[in-house]
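*Asks:* Dumping the structure here so I can ask a few things about it.
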Amino acid sequence: MRALHVSIRQIGNSQGVVIPKPLLEQLGLDNKSGAEMTIEDGALVLRRPARPARTGWAEAARRIAEAGDDELVMGEFGNSEDSELVW
């Protein structure tokens, strides 16, 4: 891809650039997911954000519970001092 010149603009107390919509679409970036920004070898790099850890876990746990497949595999076990605990 050929280089594209963009202007640096004042945005409040910061400065920024406007990224053309076709470039954002090509990269799969939007204002909902945001982007990860790094500096690599003197270049400013934008990437699609990595999926957050545990994405989808709550939904998967719900489906497992609804299917009745959430029973304990190892069974209950306790510590020798548990009998001394007062609830």
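In the structure tokens, chains take the letters A, B, ... in the order shown, each chain's residues start at 1, and ligands count up from 1 in the order shown.
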For region 24-26 of chain A, list every protein, DNA or RNA residue within 12 Å, evaluated using only C-alpha atoms, and leave out those in the same chain fewer than 5 positions away; present the list as a PyMOL selection string.
*Replies:* chain A and resi 1+18-19+31+33-35+46-48
*Asks:* Pull C-alpha atoms from the residues just selected and write them as a PDB file, in the first residue's frame.
*Replies:*
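Okay, selection_4.pdb is ready:
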ATOM      1  CA  MET A   1       0.000   0.000   0.000  1.00  0.00           C
ATOM      2  CA  VAL A  18      -8.012  11.102  11.610  1.00  0.00           C
ATOM      3  CA  ILE A  19      -7.772   7.605  10.173  1.00  0.00           C
ATOM      4  CA  ASN A  31     -14.896   2.876  17.643  1.00  0.00           C
ATOM      5  CA  SER A  33     -13.536  -2.283  19.983  1.00  0.00           C
ATOM      6  CA  GLY A  34     -10.830   0.385  19.885  1.00  0.00           C
ATOM      7  CA  ALA A  35      -7.254  -0.556  19.057  1.00  0.00           C
ATOM      8  CA  LEU A  46      -2.309   0.099  15.564  1.00  0.00           C
ATOM      9  CA  ARG A  47      -3.666  -3.429  15.942  1.00  0.00           C
ATOM     10  CA  ARG A  48      -7.008  -5.031  16.636  1.00  0.00           C
TER      11      ARG A  48
END
*Asks:* Using only C-alpha atoms for the distances, tell me which of A:Trp57, A:Glu36, A:Ala3, A:Glu71 is nearest to Leu23 (chain A).
*Replies:*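 Checking each of A:Trp57, A:Glu36, A:Ala3, A:Glu71 against Leu23 (chain A), counting only C-alpha atoms, the winner is A:Ala3.
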*Asks:* If you run DSSP on this backbone, which residues of chain A come out as strand (DSSP E), and could you give them as a list in words?
*Replies:*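 Of chain A, only Arg9, Gln10, Ile11, Ser14, Gln15, Gly16, Glu36, Met37, Thr38, Ile39, Glu40, Ala43, Leu44, Val45, Leu46 and Arg47 of chain A fall in strand (DSSP E).
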*Asks:* Taking the DSSP secondary structure from the backbone, can you list the residues of chain A that are alpha helix (DSSP H), as a PyMOL selection string?
*Replies:* chain A and resi 21-27+57-66
*Asks:* Considering only C-alpha atoms, state which residue in the set A:Ala43, A:Val73, A:Leu4, A:Ala53 is at the smallest distance from Pro20 (chain A).
*Replies:* A:Leu4
*Asks:* Measure the distance from CA of His5 (chain A) to CA of Gly42 (chain A) in Å and round it to one decimal.
*Replies:*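 The value is 17.0 Å.
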*Asks:* Quick one: distance from CA of Pro22 (chain A) to CA of Leu44 (chain A) in Å, one decimal?
*Replies:* 18.6 Å
*Asks:* Report, in Å to a single decimal, how far apart CA of Leu27 (chain A) and CA of Glu40 (chain A) are.
*Replies:*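 Between CA of Glu40 (chain A) and CA of Leu27 (chain A) the gap works out to 17.7 Å.
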